[in-house]
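J.: One structure coming up, written as structure tokens, with questions to follow.
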Protein chains: 2
Amino acid sequence: MSPRFTDIVAALPEGAPFVGPDALMRQSGRVFRARLGANESGFGPSPRAIAEIQAAADEAWMYGDAECFDLRAALAAHHGVAPEAVVVGVGIDGLLRDLAQLLVSPGDAVVTADGAYPTFDYHVAARGGAIHRIAYRDEHQDPAALLAKAEAVSAKLAYICNPDNPLGSWHSARVIARMIAAVPEGTLLVLDEAYVDSAPQGTEPPLDTDNPRVIRLRTFSKLYGLAGMRVGYAIGAPHVIAMFDRIRDHFAVGRLAQRAAIAALGDQPWLAEVCTRVAAARDRLREIAAGQGLHALPSAGNFVSLDTGRDGDFARALVAELQARDVFVRMRNVAPLDRFIRVSAAPEAELDLFEAALADSLRALG
Amino acid sequence: MSPRFTDIVAALPEGAPFVGPDALMRQSGRVFRARLGANESGFGPSPRAIAEIQAAADEAWMYGDAECFDLRAALAAHHGVAPEAVVVGVGIDGLLRDLAQLLVSPGDAVVTADGAYPTFDYHVAARGGAIHRIAYRDEHQDPAALLAKAEAVSAKLAYICNPDNPLGSWHSARVIARMIAAVPEGTLLVLDEAYVDSAPQGTEPPLDTDNPRVIRLRTFSKLYGLAGMRVGYAIGAPHVIAMFDRIRDHFAVGRLAQRAAIAALGDQPWLAEVCTRVAAARDRLREIAAGQGLHALPSAGNFVSLDTGRDGDFARALVAELQARDVFVRMRNVAPLDRFIRVSAAPEAELDLFEAALADSLRALG
């Protein structure tokens, strides 16, 4: 006899929200020469963060600070909020899991966009939540429709990413601020700003930690280039943030991870330099796409979504062709978003490989 | 208005299962000269693991492999089981959280010993589980009573640590094997072997991954000396292990963490050397205690529990006196275990500090 898994778990689909690059390489038996599918930062983290990891390696025998005190203090100073308004977690993924556990009982409603970051859905489903999905509108998230749906279904959580993942489109701070002001009573707006560091000025609405209706998620995995260290954070009203301490895995953020994040945060010139390179890479990707007759969506993230102008089957075939040429890109298997392929900003050499592989792949597909 | 936290979360106590050493230092405004309270390994990890972290630091921009393929393969080879029988998590703490989510619905029964590792209780409580606690018996876990209670309450999970934390006592492989054979139908025995690496030969029953009624938990945080990297693993029947993939945070185990763990696992001579040093440190702690008229429990872990021969108030005062002398030790605030203080094995210099501080502290307490 098996252990008695909960009814919710027994009914869940097998496996992960998506397959990671290392697993894809094993499946194909090849090594990606251009790793452009996970929106990792091929520009790397601040050299100071690397040096900090190396210097702190002999401290690996000690647990990290369960309160992430120094990192929270640094984040609080950086953002001009109180440390009590910040909680650090195992990436945004870990914080989404915490949020689902804090708020979602079986049957509770949440809302998100159909095709947006699937790990939100994954953790909500694992709690037995009822996921309501709204459509994208002209390749953008639709704040008004999201809130209308949240109100209609009395959603506990409403999830939006700005800039959007996977499309890279974004709303201005003004639009998002208006959205925050209109969150229905009883709903927590989860504003995932994983990619806000590379967005244009005027994308990020002011932080207001007096407002318990919104929580902002940030990460060191994207523009800060520390995906492998697992550090994200949430900013919100202190009495909301305090609730994480009731359920989170207190020692989960590693010691070197915390030190690396502090070092990375302290090197804002590096972040600015990365953002400059990301902007140049986006331009280059747009040119590469245009050279093949593909339209690149404007993007505020460290990636660009390219419209194949065809359907999901074509995009899937294109992703497979690129992968056969050792170039890793990603797509969402949800219509109508499945006509896009998503390509991460990266150094020139990888983009050169992508350019050649894209031309070859499109030729192979006729 | 606040977000609508679940009823379970709203009813939970605030805060962590216990306060970590870094937080304690901040509270006191002092720096521990002897960090002997978290059963970290002051002997450090394998130099190979440190070198691996340093060499891999510039890979920190990449996510770790979500399947932990290489690490699982190495663990499978090491233990002589199939890779499908192994899942890697964010330490044993993270795996306990996963187990609670997999198996515990509100009101579901679990059993544990009163005073055993509290993070099990913490994650079960966060799921609304009903925790039944049995007493220790002569400073040992009581397998028969645990299983009898599990059967009586139809427990989903029965938790036992062997060697025991906090006491360090242990049962032989024969006793544990008999226990495994007697697990009632519908119960999953969670056998936490965090400290088994330093236990005498004959403590670890054979691994049998055909048996779905037991799951074994191991960690790189203790004898392997990598607490700060957050890597633990579970071994069990493949169809039980596969269920973790439905709910776990797939990218939570960091890239450097995986590489460090592989390097540490590959350096078994270092582990053996650490275990030799741990045994010597246990002897030394026993002598130090005897010199002050305290009895040291025999221990199979990388720590020793010292019987103050008094009550919890006295032990609490002793812990505070030691801390005032910059020596960190821990105790459990659960009678009758609260007459013990728990002291980690450590290099000579720290034990010298402990010896002096213990004498001074006992003198101060009269």
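Just so we're on the same page: first chain in the structure tokens is A, next is B, and so on; residues restart at 1 for each chain, and ligands are numbered from 1 in the order they show up.
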Can you tell me, as number ranges by chain, which residues in range 49-144 of chain A count as strand (DSSP E) by DSSP?

T.: A: 86-89, 109-113, 130-134

J.: Write the selection just made, keeping N, CA, C and O atoms, as an mmCIF file, in the first residue's frame?

T.:
data_model
loop_
_atom_site.group_PDB
_atom_site.id
_atom_site.type_symbol
_atom_site.label_atom_id
_atom_site.label_comp_id
_atom_site.auth_asym_id
_atom_site.auth_seq_id
_atom_site.Cartn_x
_atom_site.Cartn_y
_atom_site.Cartn_z
ATOM 1 N N VAL A 86 10.131 43.638 4.228
ATOM 2 C CA VAL A 86 10.860 42.788 3.277
ATOM 3 C C VAL A 86 10.997 41.374 3.830
ATOM 4 O O VAL A 86 11.371 41.190 4.990
ATOM 5 N N VAL A 87 10.688 40.389 3.014
ATOM 6 C CA VAL A 87 11.003 38.999 3.364
ATOM 7 C C VAL A 87 11.790 38.393 2.203
ATOM 8 O O VAL A 87 11.478 38.645 1.031
ATOM 9 N N VAL A 88 12.826 37.641 2.551
ATOM 10 C CA VAL A 88 13.669 37.002 1.545
ATOM 11 C C VAL A 88 13.259 35.542 1.412
ATOM 12 O O VAL A 88 12.963 34.878 2.412
ATOM 13 N N GLY A 89 13.230 35.050 0.201
ATOM 14 C CA GLY A 89 12.842 33.661 -0.025
ATOM 15 C C GLY A 89 13.724 33.008 -1.075
ATOM 16 O O GLY A 89 14.635 33.630 -1.634
ATOM 17 N N ALA A 109 -10.389 30.868 -4.962
ATOM 18 C CA ALA A 109 -10.140 31.391 -6.303
ATOM 19 C C ALA A 109 -8.884 32.244 -6.351
ATOM 20 O O ALA A 109 -8.568 32.969 -5.408
ATOM 21 N N VAL A 110 -8.170 32.120 -7.457
ATOM 22 C CA VAL A 110 -7.099 33.051 -7.801
ATOM 23 C C VAL A 110 -7.284 33.403 -9.276
ATOM 24 O O VAL A 110 -7.937 32.664 -10.019
ATOM 25 N N VAL A 111 -6.667 34.531 -9.681
ATOM 26 C CA VAL A 111 -6.722 34.887 -11.098
ATOM 27 C C VAL A 111 -5.329 35.192 -11.617
ATOM 28 O O VAL A 111 -4.465 35.686 -10.886
ATOM 29 N N THR A 112 -5.153 34.881 -12.881
ATOM 30 C CA THR A 112 -3.893 35.155 -13.566
ATOM 31 C C THR A 112 -4.203 35.251 -15.053
ATOM 32 O O THR A 112 -5.338 35.026 -15.474
ATOM 33 N N ALA A 113 -3.181 35.582 -15.837
ATOM 34 C CA ALA A 113 -3.364 35.630 -17.288
ATOM 35 C C ALA A 113 -3.026 34.267 -17.883
ATOM 36 O O ALA A 113 -2.118 33.588 -17.412
ATOM 37 N N ALA A 130 -8.616 27.225 -7.081
ATOM 38 C CA ALA A 130 -9.337 27.294 -8.363
ATOM 39 C C ALA A 130 -8.747 28.443 -9.166
ATOM 40 O O ALA A 130 -8.874 29.602 -8.769
ATOM 41 N N ILE A 131 -8.114 28.099 -10.290
ATOM 42 C CA ILE A 131 -7.392 29.106 -11.069
ATOM 43 C C ILE A 131 -8.270 29.624 -12.192
ATOM 44 O O ILE A 131 -8.718 28.862 -13.050
ATOM 45 N N HIS A 132 -8.522 30.935 -12.165
ATOM 46 C CA HIS A 132 -9.278 31.577 -13.235
ATOM 47 C C HIS A 132 -8.300 32.359 -14.094
ATOM 48 O O HIS A 132 -7.495 33.125 -13.580
ATOM 49 N N ARG A 133 -8.388 32.135 -15.408
ATOM 50 C CA ARG A 133 -7.417 32.763 -16.300
ATOM 51 C C ARG A 133 -8.111 33.718 -17.257
ATOM 52 O O ARG A 133 -9.130 33.364 -17.861
ATOM 53 N N ILE A 134 -7.531 34.885 -17.390
ATOM 54 C CA ILE A 134 -8.046 35.846 -18.365
ATOM 55 C C ILE A 134 -7.107 35.879 -19.566
ATOM 56 O O ILE A 134 -5.978 35.414 -19.491
#

J.: As a PDB file with all heavy atoms, in the first residue's frame, please: the residues near Arg339 in chain B (cut-off 10 Å, only C-alpha atoms, same-chain neighbours under 4 positions excluded).

T.:
ATOM      1  N   SER B 305      24.665  15.634  24.532  1.00  0.00           N
ATOM      2  CA  SER B 305      23.742  16.250  25.471  1.00  0.00           C
ATOM      3  C   SER B 305      24.253  16.032  26.883  1.00  0.00           C
ATOM      4  O   SER B 305      24.573  14.904  27.273  1.00  0.00           O
ATOM      5  CB  SER B 305      22.334  15.652  25.306  1.00  0.00           C
ATOM      6  OG  SER B 305      21.649  16.324  24.279  1.00  0.00           O
ATOM      7  N   LEU B 306      24.343  17.128  27.616  1.00  0.00           N
ATOM      8  CA  LEU B 306      24.851  17.071  28.979  1.00  0.00           C
ATOM      9  C   LEU B 306      23.685  17.239  29.947  1.00  0.00           C
ATOM     10  O   LEU B 306      22.911  18.190  29.839  1.00  0.00           O
ATOM     11  CB  LEU B 306      25.871  18.189  29.209  1.00  0.00           C
ATOM     12  CG  LEU B 306      27.021  18.288  28.202  1.00  0.00           C
ATOM     13  CD1 LEU B 306      27.990  19.393  28.613  1.00  0.00           C
ATOM     14  CD2 LEU B 306      27.750  16.961  28.068  1.00  0.00           C
ATOM     15  N   ASP B 307      23.598  16.315  30.871  1.00  0.00           N
ATOM     16  CA  ASP B 307      22.513  16.336  31.852  1.00  0.00           C
ATOM     17  C   ASP B 307      22.918  17.265  32.990  1.00  0.00           C
ATOM     18  O   ASP B 307      23.892  17.001  33.697  1.00  0.00           O
ATOM     19  CB  ASP B 307      22.282  14.906  32.366  1.00  0.00           C
ATOM     20  CG  ASP B 307      21.008  14.790  33.193  1.00  0.00           C
ATOM     21  OD1 ASP B 307      20.521  15.824  33.695  1.00  0.00           O
ATOM     22  OD2 ASP B 307      20.517  13.653  33.335  1.00  0.00           O
ATOM     23  N   THR B 308      22.187  18.342  33.138  1.00  0.00           N
ATOM     24  CA  THR B 308      22.532  19.281  34.219  1.00  0.00           C
ATOM     25  C   THR B 308      22.167  18.710  35.580  1.00  0.00           C
ATOM     26  O   THR B 308      22.603  19.231  36.606  1.00  0.00           O
ATOM     27  CB  THR B 308      21.790  20.623  34.052  1.00  0.00           C
ATOM     28  OG1 THR B 308      20.381  20.381  34.180  1.00  0.00           O
ATOM     29  CG2 THR B 308      22.103  21.261  32.707  1.00  0.00           C
ATOM     30  N   GLY B 309      21.338  17.662  35.574  1.00  0.00           N
ATOM     31  CA  GLY B 309      20.882  17.099  36.838  1.00  0.00           C
ATOM     32  C   GLY B 309      19.907  18.013  37.567  1.00  0.00           C
ATOM     33  O   GLY B 309      19.539  17.748  38.717  1.00  0.00           O
ATOM     34  N   ARG B 310      19.498  19.067  36.918  1.00  0.00           N
ATOM     35  CA  ARG B 310      18.566  20.028  37.531  1.00  0.00           C
ATOM     36  C   ARG B 310      17.359  20.169  36.619  1.00  0.00           C
ATOM     37  O   ARG B 310      17.082  19.267  35.827  1.00  0.00           O
ATOM     38  CB  ARG B 310      19.282  21.372  37.715  1.00  0.00           C
ATOM     39  CG  ARG B 310      20.604  21.289  38.484  1.00  0.00           C
ATOM     40  CD  ARG B 310      20.385  21.246  39.986  1.00  0.00           C
ATOM     41  NE  ARG B 310      19.981  22.561  40.463  1.00  0.00           N
ATOM     42  CZ  ARG B 310      20.806  23.553  40.793  1.00  0.00           C
ATOM     43  NH1 ARG B 310      22.111  23.379  40.680  1.00  0.00           N
ATOM     44  NH2 ARG B 310      20.350  24.707  41.243  1.00  0.00           N
ATOM     45  N   ASP B 311      16.648  21.289  36.702  1.00  0.00           N
ATOM     46  CA  ASP B 311      15.429  21.444  35.900  1.00  0.00           C
ATOM     47  C   ASP B 311      15.643  22.408  34.733  1.00  0.00           C
ATOM     48  O   ASP B 311      16.749  22.887  34.497  1.00  0.00           O
ATOM     49  CB  ASP B 311      14.262  21.899  36.784  1.00  0.00           C
ATOM     50  CG  ASP B 311      14.524  23.276  37.383  1.00  0.00           C
ATOM     51  OD1 ASP B 311      15.585  23.891  37.059  1.00  0.00           O
ATOM     52  OD2 ASP B 311      13.688  23.735  38.172  1.00  0.00           O
ATOM     53  N   GLY B 312      14.558  22.650  34.011  1.00  0.00           N
ATOM     54  CA  GLY B 312      14.621  23.508  32.840  1.00  0.00           C
ATOM     55  C   GLY B 312      15.055  24.926  33.167  1.00  0.00           C
ATOM     56  O   GLY B 312      15.791  25.552  32.386  1.00  0.00           O
ATOM     57  N   ASP B 313      14.622  25.441  34.308  1.00  0.00           N
ATOM     58  CA  ASP B 313      15.036  26.802  34.672  1.00  0.00           C
ATOM     59  C   ASP B 313      16.552  26.887  34.822  1.00  0.00           C
ATOM     60  O   ASP B 313      17.181  27.854  34.387  1.00  0.00           O
ATOM     61  CB  ASP B 313      14.359  27.236  35.981  1.00  0.00           C
ATOM     62  CG  ASP B 313      12.882  27.533  35.775  1.00  0.00           C
ATOM     63  OD1 ASP B 313      12.473  27.746  34.612  1.00  0.00           O
ATOM     64  OD2 ASP B 313      12.129  27.525  36.771  1.00  0.00           O
ATOM     65  N   PHE B 314      17.108  25.849  35.443  1.00  0.00           N
ATOM     66  CA  PHE B 314      18.561  25.846  35.625  1.00  0.00           C
ATOM     67  C   PHE B 314      19.269  25.755  34.274  1.00  0.00           C
ATOM     68  O   PHE B 314      20.223  26.496  34.001  1.00  0.00           O
ATOM     69  CB  PHE B 314      18.984  24.675  36.525  1.00  0.00           C
ATOM     70  CG  PHE B 314      20.467  24.648  36.773  1.00  0.00           C
ATOM     71  CD1 PHE B 314      21.039  25.423  37.777  1.00  0.00           C
ATOM     72  CD2 PHE B 314      21.311  23.864  35.990  1.00  0.00           C
ATOM     73  CE1 PHE B 314      22.412  25.425  37.991  1.00  0.00           C
ATOM     74  CE2 PHE B 314      22.684  23.861  36.194  1.00  0.00           C
ATOM     75  CZ  PHE B 314      23.236  24.637  37.199  1.00  0.00           C
ATOM     76  N   ALA B 315      18.775  24.840  33.425  1.00  0.00           N
ATOM     77  CA  ALA B 315      19.421  24.676  32.115  1.00  0.00           C
ATOM     78  C   ALA B 315      19.323  25.959  31.300  1.00  0.00           C
ATOM     79  O   ALA B 315      20.290  26.372  30.640  1.00  0.00           O
ATOM     80  CB  ALA B 315      18.793  23.504  31.365  1.00  0.00           C
ATOM     81  N   ARG B 316      18.166  26.612  31.360  1.00  0.00           N
ATOM     82  CA  ARG B 316      18.014  27.886  30.637  1.00  0.00           C
ATOM     83  C   ARG B 316      19.005  28.929  31.151  1.00  0.00           C
ATOM     84  O   ARG B 316      19.621  29.666  30.376  1.00  0.00           O
ATOM     85  CB  ARG B 316      16.575  28.413  30.783  1.00  0.00           C
ATOM     86  CG  ARG B 316      15.641  27.966  29.661  1.00  0.00           C
ATOM     87  CD  ARG B 316      14.232  28.548  29.810  1.00  0.00           C
ATOM     88  NE  ARG B 316      13.522  27.970  30.956  1.00  0.00           N
ATOM     89  CZ  ARG B 316      12.881  26.801  30.930  1.00  0.00           C
ATOM     90  NH1 ARG B 316      12.864  26.075  29.825  1.00  0.00           N
ATOM     91  NH2 ARG B 316      12.268  26.350  32.008  1.00  0.00           N
ATOM     92  N   MET B 331      19.297  24.136  23.890  1.00  0.00           N
ATOM     93  CA  MET B 331      18.528  23.185  24.696  1.00  0.00           C
ATOM     94  C   MET B 331      17.112  23.140  24.144  1.00  0.00           C
ATOM     95  O   MET B 331      16.724  23.991  23.358  1.00  0.00           O
ATOM     96  CB  MET B 331      18.491  23.623  26.152  1.00  0.00           C
ATOM     97  CG  MET B 331      17.803  24.965  26.362  1.00  0.00           C
ATOM     98  SD  MET B 331      17.619  25.410  28.099  1.00  0.00           S
ATOM     99  CE  MET B 331      16.361  24.240  28.631  1.00  0.00           C
ATOM    100  N   ARG B 332      16.372  22.124  24.509  1.00  0.00           N
ATOM    101  CA  ARG B 332      14.966  22.034  24.127  1.00  0.00           C
ATOM    102  C   ARG B 332      14.116  22.472  25.311  1.00  0.00           C
ATOM    103  O   ARG B 332      14.330  22.001  26.435  1.00  0.00           O
ATOM    104  CB  ARG B 332      14.614  20.594  23.742  1.00  0.00           C
ATOM    105  CG  ARG B 332      15.137  20.197  22.389  1.00  0.00           C
ATOM    106  CD  ARG B 332      14.427  20.898  21.243  1.00  0.00           C
ATOM    107  NE  ARG B 332      13.184  20.250  20.911  1.00  0.00           N
ATOM    108  CZ  ARG B 332      12.035  20.895  20.697  1.00  0.00           C
ATOM    109  NH1 ARG B 332      11.967  22.193  20.780  1.00  0.00           N
ATOM    110  NH2 ARG B 332      10.952  20.220  20.398  1.00  0.00           N
ATOM    111  N   ASN B 333      13.153  23.325  25.044  1.00  0.00           N
ATOM    112  CA  ASN B 333      12.301  23.825  26.127  1.00  0.00           C
ATOM    113  C   ASN B 333      11.103  22.925  26.370  1.00  0.00           C
ATOM    114  O   ASN B 333       9.982  23.393  26.524  1.00  0.00           O
ATOM    115  CB  ASN B 333      11.851  25.247  25.806  1.00  0.00           C
ATOM    116  CG  ASN B 333      12.896  26.266  26.229  1.00  0.00           C
ATOM    117  OD1 ASN B 333      13.427  26.182  27.338  1.00  0.00           O
ATOM    118  ND2 ASN B 333      13.200  27.204  25.355  1.00  0.00           N
ATOM    119  N   VAL B 334      11.324  21.617  26.371  1.00  0.00           N
ATOM    120  CA  VAL B 334      10.241  20.657  26.576  1.00  0.00           C
ATOM    121  C   VAL B 334      10.667  19.706  27.698  1.00  0.00           C
ATOM    122  O   VAL B 334      11.699  19.025  27.578  1.00  0.00           O
ATOM    123  CB  VAL B 334       9.986  19.842  25.285  1.00  0.00           C
ATOM    124  CG1 VAL B 334       8.960  18.746  25.536  1.00  0.00           C
ATOM    125  CG2 VAL B 334       9.551  20.746  24.141  1.00  0.00           C
ATOM    126  N   ALA B 335       9.915  19.678  28.790  1.00  0.00           N
ATOM    127  CA  ALA B 335      10.230  18.751  29.880  1.00  0.00           C
ATOM    128  C   ALA B 335       9.929  17.327  29.415  1.00  0.00           C
ATOM    129  O   ALA B 335       9.004  17.131  28.644  1.00  0.00           O
ATOM    130  CB  ALA B 335       9.397  19.102  31.110  1.00  0.00           C
TER     131      ALA B 335
END

J.: I'd like to know which of A:Ala227, A:Ala181, A:Ala199, A:Val19 is closest to Arg213 in chain A, using only C-alpha atoms.

T.: A:Ala181

J.: So how far away is CA of Gly107 in chain A from CA of Glu151 in chain A, in Å?

T.: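 CA of Gly107 in chain A lies at a distance of 15.8 Å from CA of Glu151 in chain A.
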
J.: Compile a residue-level contact table for range 151-241 of chain B against range 62-81 of chain A at a cut-off of 8 Å, reporting for every qualifying residue the shortest atom pair and its distance in Å to one decimal, with only C-alpha atoms counted, rows ordered by chain and ascending number, as JSON lines.

T.:
{"residue": "B:Gly225", "atom": "CA", "partner": "A:Met62", "partner_atom": "CA", "distance": 7.8}
{"residue": "B:Leu226", "atom": "CA", "partner": "A:Met62", "partner_atom": "CA", "distance": 7.1}
{"residue": "B:Ala227", "atom": "CA", "partner": "A:Tyr63", "partner_atom": "CA", "distance": 4.9}
{"residue": "B:Gly228", "atom": "CA", "partner": "A:Tyr63", "partner_atom": "CA", "distance": 4.2}
{"residue": "B:Met229", "atom": "CA", "partner": "A:Tyr63", "partner_atom": "CA", "distance": 7.8}

J.: Extract, using only C-alpha atoms, all DNA, RNA and protein residues at most 10 Å from range 135-142 of chain B, discarding same-chain residues fewer than 5 positions from it, and format them as a list in words.

T.: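 Non-adjacent residues within range: Thr112, Ala113, Asp114, Gly115, Ala116, Leu147, Ile160, Cys161, Asn162, Pro163, Asp164, Asn165, Pro166, Leu167, Gly168, Ser169, Trp170, His171, Leu297, Ala335, Pro336 and Leu337 of chain B.
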
J.: Excluding Ala60 in chain B and any residue of its chain fewer than 4 positions from it, enumerate the residues within 12 Å of it, using only C-alpha atoms, and give them as number ranges by chain.

T.: A: 40-47, 49-54, 220-222, 224-231, 256-257, 260-261, 264; B: 53-56, 64, 254-259

J.: Calculate how many Å separate CA of Leu102 in chain B from CA of Arg4 in chain A, rounding to one decimal.

T.: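 So the answer is 8.7 Å.
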
J.: Tell me which of B:Ile235, B:Val327, B:Ala152, B:Ala10 sits closest to chain A, counting only C-alpha atoms.

T.: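 Result for the nearest residue to chain A: B:Ala10.
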
J.: Using only C-alpha atoms, determine which residues lie at most 10 Å from Phe354 in chain A, disregarding the query and same-chain residues fewer than 6 positions distant; provide the list as a list of chain:residue names.

T.: A:Arg33, A:Ala34, A:Arg35, A:Leu36, A:Leu285, A:Ile288, A:Leu322, A:Arg325, A:Asp326, A:Val327, A:Phe328, A:Val329, A:Val343, A:Glu348, A:Asp360, A:Ser361

J.: Quick one: DSSP alpha helix (DSSP H) residues in range 31-106 of chain B, as a PyMOL selection string?

T.: chain B and resi 47-56+69-79+91-103

J.: Write a file of the just-selected residues containing N, CA and C atoms, as an mmCIF file, in the first residue's frame.

T.:
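again.cif was written with the following content:
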data_model
loop_
_atom_site.group_PDB
_atom_site.id
_atom_site.type_symbol
_atom_site.label_atom_id
_atom_site.label_comp_id
_atom_site.auth_asym_id
_atom_site.auth_seq_id
_atom_site.Cartn_x
_atom_site.Cartn_y
_atom_site.Cartn_z
ATOM 1 N N PRO B 47 37.739 19.928 1.665
ATOM 2 C CA PRO B 47 38.411 20.994 0.890
ATOM 3 C C PRO B 47 38.038 20.937 -0.591
ATOM 4 N N ARG B 48 37.713 19.757 -1.049
ATOM 5 C CA ARG B 48 37.282 19.633 -2.448
ATOM 6 C C ARG B 48 35.960 20.365 -2.686
ATOM 7 N N ALA B 49 35.069 20.314 -1.683
ATOM 8 C CA ALA B 49 33.790 21.019 -1.828
ATOM 9 C C ALA B 49 34.017 22.526 -1.848
ATOM 10 N N ILE B 50 34.923 22.993 -1.003
ATOM 11 C CA ILE B 50 35.228 24.434 -0.990
ATOM 12 C C ILE B 50 35.830 24.843 -2.331
ATOM 13 N N ALA B 51 36.746 24.037 -2.817
ATOM 14 C CA ALA B 51 37.377 24.350 -4.105
ATOM 15 C C ALA B 51 36.342 24.344 -5.231
ATOM 16 N N GLU B 52 35.408 23.427 -5.136
ATOM 17 C CA GLU B 52 34.372 23.327 -6.169
ATOM 18 C C GLU B 52 33.486 24.574 -6.165
ATOM 19 N N ILE B 53 33.115 25.033 -4.969
ATOM 20 C CA ILE B 53 32.311 26.262 -4.874
ATOM 21 C C ILE B 53 33.067 27.426 -5.508
ATOM 22 N N GLN B 54 34.349 27.524 -5.186
ATOM 23 C CA GLN B 54 35.140 28.637 -5.728
ATOM 24 C C GLN B 54 35.273 28.536 -7.248
ATOM 25 N N ALA B 55 35.474 27.312 -7.711
ATOM 26 C CA ALA B 55 35.643 27.130 -9.159
ATOM 27 C C ALA B 55 34.339 27.379 -9.908
ATOM 28 N N ALA B 56 33.217 27.084 -9.252
ATOM 29 C CA ALA B 56 31.916 27.190 -9.922
ATOM 30 C C ALA B 56 31.258 28.544 -9.710
ATOM 31 N N PHE B 69 20.213 15.867 -11.466
ATOM 32 C CA PHE B 69 20.522 14.573 -12.069
ATOM 33 C C PHE B 69 21.872 14.018 -11.616
ATOM 34 N N ASP B 70 22.898 14.824 -11.739
ATOM 35 C CA ASP B 70 24.244 14.329 -11.414
ATOM 36 C C ASP B 70 24.369 13.992 -9.933
ATOM 37 N N LEU B 71 23.796 14.836 -9.100
ATOM 38 C CA LEU B 71 23.870 14.573 -7.661
ATOM 39 C C LEU B 71 23.075 13.318 -7.299
ATOM 40 N N ARG B 72 21.907 13.176 -7.898
ATOM 41 C CA ARG B 72 21.116 11.971 -7.622
ATOM 42 C C ARG B 72 21.840 10.722 -8.121
ATOM 43 N N ALA B 73 22.469 10.837 -9.277
ATOM 44 C CA ALA B 73 23.218 9.682 -9.786
ATOM 45 C C ALA B 73 24.343 9.319 -8.825
ATOM 46 N N ALA B 74 25.041 10.328 -8.328
ATOM 47 C CA ALA B 74 26.143 10.066 -7.392
ATOM 48 C C ALA B 74 25.612 9.460 -6.092
ATOM 49 N N LEU B 75 24.499 9.980 -5.605
ATOM 50 C CA LEU B 75 23.907 9.444 -4.377
ATOM 51 C C LEU B 75 23.423 8.018 -4.589
ATOM 52 N N ALA B 76 22.816 7.776 -5.742
ATOM 53 C CA ALA B 76 22.311 6.437 -6.034
ATOM 54 C C ALA B 76 23.466 5.436 -6.061
ATOM 55 N N ALA B 77 24.555 5.813 -6.717
ATOM 56 C CA ALA B 77 25.722 4.926 -6.765
ATOM 57 C C ALA B 77 26.286 4.713 -5.358
ATOM 58 N N HIS B 78 26.350 5.780 -4.603
ATOM 59 C CA HIS B 78 26.906 5.700 -3.244
ATOM 60 C C HIS B 78 26.097 4.754 -2.364
ATOM 61 N N HIS B 79 24.781 4.829 -2.499
ATOM 62 C CA HIS B 79 23.910 4.047 -1.619
ATOM 63 C C HIS B 79 23.470 2.721 -2.236
ATOM 64 N N GLY B 91 17.665 20.878 2.046
ATOM 65 C CA GLY B 91 17.903 20.350 3.387
ATOM 66 C C GLY B 91 16.765 19.440 3.828
ATOM 67 N N ILE B 92 16.971 18.795 4.959
ATOM 68 C CA ILE B 92 15.893 17.964 5.503
ATOM 69 C C ILE B 92 14.690 18.835 5.858
ATOM 70 N N ASP B 93 14.935 20.063 6.289
ATOM 71 C CA ASP B 93 13.814 20.959 6.575
ATOM 72 C C ASP B 93 12.898 21.091 5.367
ATOM 73 N N GLY B 94 13.493 21.309 4.204
ATOM 74 C CA GLY B 94 12.690 21.461 3.004
ATOM 75 C C GLY B 94 11.935 20.189 2.657
ATOM 76 N N LEU B 95 12.576 19.056 2.881
ATOM 77 C CA LEU B 95 11.917 17.777 2.586
ATOM 78 C C LEU B 95 10.778 17.512 3.570
ATOM 79 N N LEU B 96 10.935 17.940 4.806
ATOM 80 C CA LEU B 96 9.846 17.789 5.780
ATOM 81 C C LEU B 96 8.649 18.643 5.365
ATOM 82 N N ARG B 97 8.949 19.820 4.839
ATOM 83 C CA ARG B 97 7.855 20.654 4.344
ATOM 84 C C ARG B 97 7.149 19.966 3.183
ATOM 85 N N ASP B 98 7.935 19.413 2.263
ATOM 86 C CA ASP B 98 7.341 18.688 1.134
ATOM 87 C C ASP B 98 6.474 17.535 1.624
ATOM 88 N N LEU B 99 6.993 16.764 2.576
ATOM 89 C CA LEU B 99 6.243 15.609 3.086
ATOM 90 C C LEU B 99 4.923 16.042 3.717
ATOM 91 N N ALA B 100 4.976 17.119 4.470
ATOM 92 C CA ALA B 100 3.735 17.604 5.088
ATOM 93 C C ALA B 100 2.728 17.977 4.009
ATOM 94 N N GLN B 101 3.220 18.625 2.950
ATOM 95 C CA GLN B 101 2.303 19.016 1.888
ATOM 96 C C GLN B 101 1.771 17.803 1.121
ATOM 97 N N LEU B 102 2.588 16.794 0.966
ATOM 98 C CA LEU B 102 2.167 15.602 0.227
ATOM 99 C C LEU B 102 1.101 14.811 0.972
ATOM 100 N N LEU B 103 1.185 14.803 2.292
ATOM 101 C CA LEU B 103 0.402 13.808 3.036
ATOM 102 C C LEU B 103 -0.576 14.362 4.048
#

J.: Counting only C-alpha atoms, which of B:Val196, B:Val153, B:Ala237, B:Ala177 gets nearest to chain A?

T.: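 Answer, going by the shortest atom-to-atom distance: B:Ala237.
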
J.: Which neighbours of Met243 in chain B fall inside 9 Å, counting only C-alpha atoms, when residues of the same chain fewer than 5 positions from it are skipped, and could you give them as an NGL selection string?

T.: (:A and (5 or 9-10 or 14-15)) or (:B and (102 or 238 or 248))
